[in-house]
Amino acid sequence: MYYNNFGDRKLPMLMDFYELTMANGYFANGMKEDIVYFDMFFRKNPDGAGFSIVAGLEQVIQYIKELKFNDHDIEYLRSKNMFKEEFLQYLKNFKFSGDIYAIPEGTPVFPNEPLITVRAKSIDAQLIETMLLLTINHQSLIATKANRVVRAAKGRPIMEFGARRSQGYDGAIYGARAAYIGGVVGTATTLADEAFGVPALGTMAHSWVQMYESEYEAFKVYAENYPDSCTLLIDTYNVIKSGIPNAIRISKEILEPMGKRLKGVRIDSGDIAYLSKKCRKMLNEANLHDCAIVASNSLDEFIITDLLDQGAKIDSFGVGERLITAKSEPVFGCVYKLAAIEKNGEIIPKIKISENEEKITNPGYKKVWRLYDKKADNPIADVVALHNEVIDDTKPYTIFDEIHVWKKKKVTRFYAKNLQVPVFIGGECVYESPSLNEIRDYCKKEVDNLWNEVKRFTNPHTYYVDLSSDLWICKQDLIGQYSFK
Ligand SMILES: Nc1ncnc2c1ncn2[C@@H]1O[C@H](COP(=O)(O)OP(=O)(O)OP(=O)(O)O)[C@@H](O)[C@H]1O
Ligand SMILES: O=P(O)(O)OC[C@H]1O[C@H](OP(=O)(O)OP(=O)(O)O)[C@H](O)[C@@H]1O
Ligand SMILES: O=C(O)c1cccnc1
């Protein structure tokens, strides 16, 4: 690929300082070879949704492949007078050597299941924490938000217009990538096309219209330059009295004589439902049934739903600031928690206790299974199990709520799939990321497969993510060990 995701930036040091102080401590205390297990998971879907979309794995892979410390980094760390010289020498030759398992990008995921599991030396596992979290948190947040906007539009295309109001460069670039996974048709961010192949698209700005003596002249020059892709911004002066009549004139006087059609008009202010209906009528009366009406202006999934409920005649939407910043809930709260350590080859589960039951971690080296209805292919529930458990889908399987254990469900006629795939084994990458279009298609297929009850925006049905009984027992044992009287 022409574009190097991280360019020439020095990102190895993009980590919380405590990763380095802990790593130095493990090194000094003879723990550098200790094997640990970390899980990365989130606790709550943004926007009270029923599911989220995981994204960002390709960038995680690249980061880990490139994770090296150069002389400048070592010199900088030395200047802090906190790190042992032997540790600095160790960092100089550092290469990630662990195993990573991850749920592929574009998969619908649910709270409390490991999206990524790391089995590595203590130092390796600690050093990758920050980048793993920030990458997956950001792209999953935007893919999830974009998918909501896309679903609200009920098949009408969504164009991503957010760069200008995104949170910094990477917010725009990787945000556009994530939004594409979530289902937008393209982006105004040219670099995201050059870099990742997210189709670049767009219309025109108000400045174009203002640059000319008249709106008509502005439209005319545009149509002459872009007769095959002419979408005119019609709200600079007055949509009904000026914008639409001028757009219709352009079609009749400029485009049709060239054998071309007016592709679209864009409304960017005012009462969009009212204006779109008026525009549709006027366009149809001028025999421009095929001219699309595009709407934009601080849209999100809620306004789009509202507009369509009002009978707005809109064919596609441009959505910027509220999508690229996930304005309604701008944090995807993935955390990275120690789940086990190895001592003499034995896996010893570890737990983090909290007053808040939901914040008690799931111990052990685990796997995530998705149980699908054999006939309909819809996911029924996910089960987090210990790594050596196998869910036998030839027999009925009973799932139960971890807290209200009497709430049980016997699942029959299902098949079980392991959700995580191996990504790194012994430090070597064993996974080839699918193309972005493949990820996007897969995401659509998997979301289509979810029950509608899980997909609704208001009070969605809670999808079951249950623990296997072995894992539940392991967790209860540890809770028992740490309940101080
Ligand atoms: N019919 C409608 N129903 C619900 N929301 C709408 C409707 N029409 C527009 N909106 C939304 O209402 C908000 C109006 O934004 P704002 O108050 O900035 O008005 P504006 O039309 O953009 O004004 P300006 O002409 O100053 O740009 C936007 O988020 C827009 O998407
Ligand atoms: O509202 P958003 O969802 O973020 O969509 C992008 C917005 O960005 C542009 O406005 P801007 O005022 O920046 O420029 P313009 O004068 O070209 O319209 C565009 O016209 C949209 O209104
Ligand atoms: O191409 C557009 O219409 C566009 C691009 C960026 C922001 N708003 C609109």
# chains A, B, ... in the order shown; residues from 1 in each chain; ligands from 1

$ residues_around --residues "Ala218 (chain A)" --least-positions-apart "2" --cutoff "12 Å" --atoms "only C-alpha atoms" --output "ChimeraX atom specification"
/A:204-216,220-225,230,232-234,236,243,246-247,250

$ residues_near_ligand --ligand "ligand 1" --cutoff "7 Å" --atoms "only C-alpha atoms and all ligand atoms" --output "compact mmCIF listing (two decimals) with C-alpha atoms, in the first residue's frame"
# COMPACT_ATOMS: atom_id res chain seq x y z
CA ASP A 268 -27.93 22.07 4.08
CA SER A 269 -30.19 24.27 6.23
CA GLY A 270 -33.76 25.02 7.15
CA ASP A 271 -36.56 22.54 7.73
CA ILE A 272 -35.16 19.63 5.77
CA ALA A 273 -38.37 17.57 5.72
CA TYR A 274 -40.48 20.44 4.44
CA SER A 296 -26.88 17.52 5.41
CA ASN A 297 -26.56 19.75 8.49
CA SER A 298 -25.64 18.29 11.87
CA LEU A 299 -27.42 15.03 11.16
CA ILE A 303 -32.60 13.24 13.17
CA ASP A 306 -37.18 11.70 12.53
CA LEU A 307 -36.87 13.13 9.01

$ residues_around --residues "Ile136 (chain A)" --least-positions-apart "3" --cutoff "7 Å" --atoms "only C-alpha atoms" --output "PDB file with C-alpha atoms, in the first residue's frame"
ATOM      1  CA  ALA A  55     -12.684  -2.204  14.249  1.00  0.00           C
ATOM      2  CA  GLY A  56      -9.018  -1.200  14.147  1.00  0.00           C
ATOM      3  CA  LEU A  57      -7.255  -4.574  14.180  1.00  0.00           C
ATOM      4  CA  LEU A 132      -4.258  -1.530  21.579  1.00  0.00           C
ATOM      5  CA  LEU A 133      -6.819   0.360  23.592  1.00  0.00           C
ATOM      6  CA  GLN A 139     -12.286   2.780  15.420  1.00  0.00           C
ATOM      7  CA  SER A 140     -14.910   0.654  17.161  1.00  0.00           C
TER       8      SER A 140
END

$ residues_near_ligand --ligand "ligand 3" --cutoff "8 Å" --atoms "only C-alpha atoms and all ligand atoms" --output "VMD selection string"
chain A and resid 160 to 164 188 to 189 201 to 205 233 266 296 318 to 320

$ closest_residue --among "A:Tyr397, A:Tyr169, A:Phe219, A:Tyr336" --to "Asn362 (chain A)" --atoms "only C-alpha atoms"
A:Tyr336

$ closest_residue --among "A:Phe317, A:Tyr37, A:Tyr237, A:Phe87" --to "ligand 2" --atoms "only C-alpha atoms and all ligand atoms"
A:Phe317

$ closest_residue --among "A:Met159, A:Lys343, A:Trp451, A:Asn388" --to "ligand 2" --atoms "only C-alpha atoms and all ligand atoms"
A:Met159

$ select_by_dssp --residues "region 51-292 of chain A" --states "strand (DSSP E or B)" --output "PyMOL selection string"
chain A and resi 52-53+99-102+108-109+116-121+158-160+186-187+200+231-233+264-267+292

$ residues_around --residues "Asp71 (chain A)" --least-positions-apart "5" --cutoff "10 Å" --atoms "only C-alpha atoms" --output "PDB file with C-alpha atoms, in the first residue's frame"
ATOM      1  CA  TYR A  76      15.178   9.935  26.066  1.00  0.00           C
ATOM      2  CA  LEU A  77      14.340   7.175  28.557  1.00  0.00           C
ATOM      3  CA  LEU A  88      17.342   0.037  28.232  1.00  0.00           C
ATOM      4  CA  LYS A  92      16.933  -1.619  22.238  1.00  0.00           C
TER       5      LYS A  92
END

$ residues_around --residues "Glu19 (chain A)" --least-positions-apart "2" --cutoff "9 Å" --atoms "only C-alpha atoms" --output "MDAnalysis selection string"
chainID A and resid 15:17 21:24 123 126:130

$ closest_residue --among "A:Lys260, A:Lys407, A:Lys455, A:Arg165" --to "ligand 2" --atoms "only C-alpha atoms and all ligand atoms"
A:Arg165

$ residues_around --residues "Ser354 (chain A)" --least-positions-apart "4" --cutoff "12 Å" --atoms "only C-alpha atoms" --output "VMD selection string"
chain A and resid 358 to 362 479 482 to 483
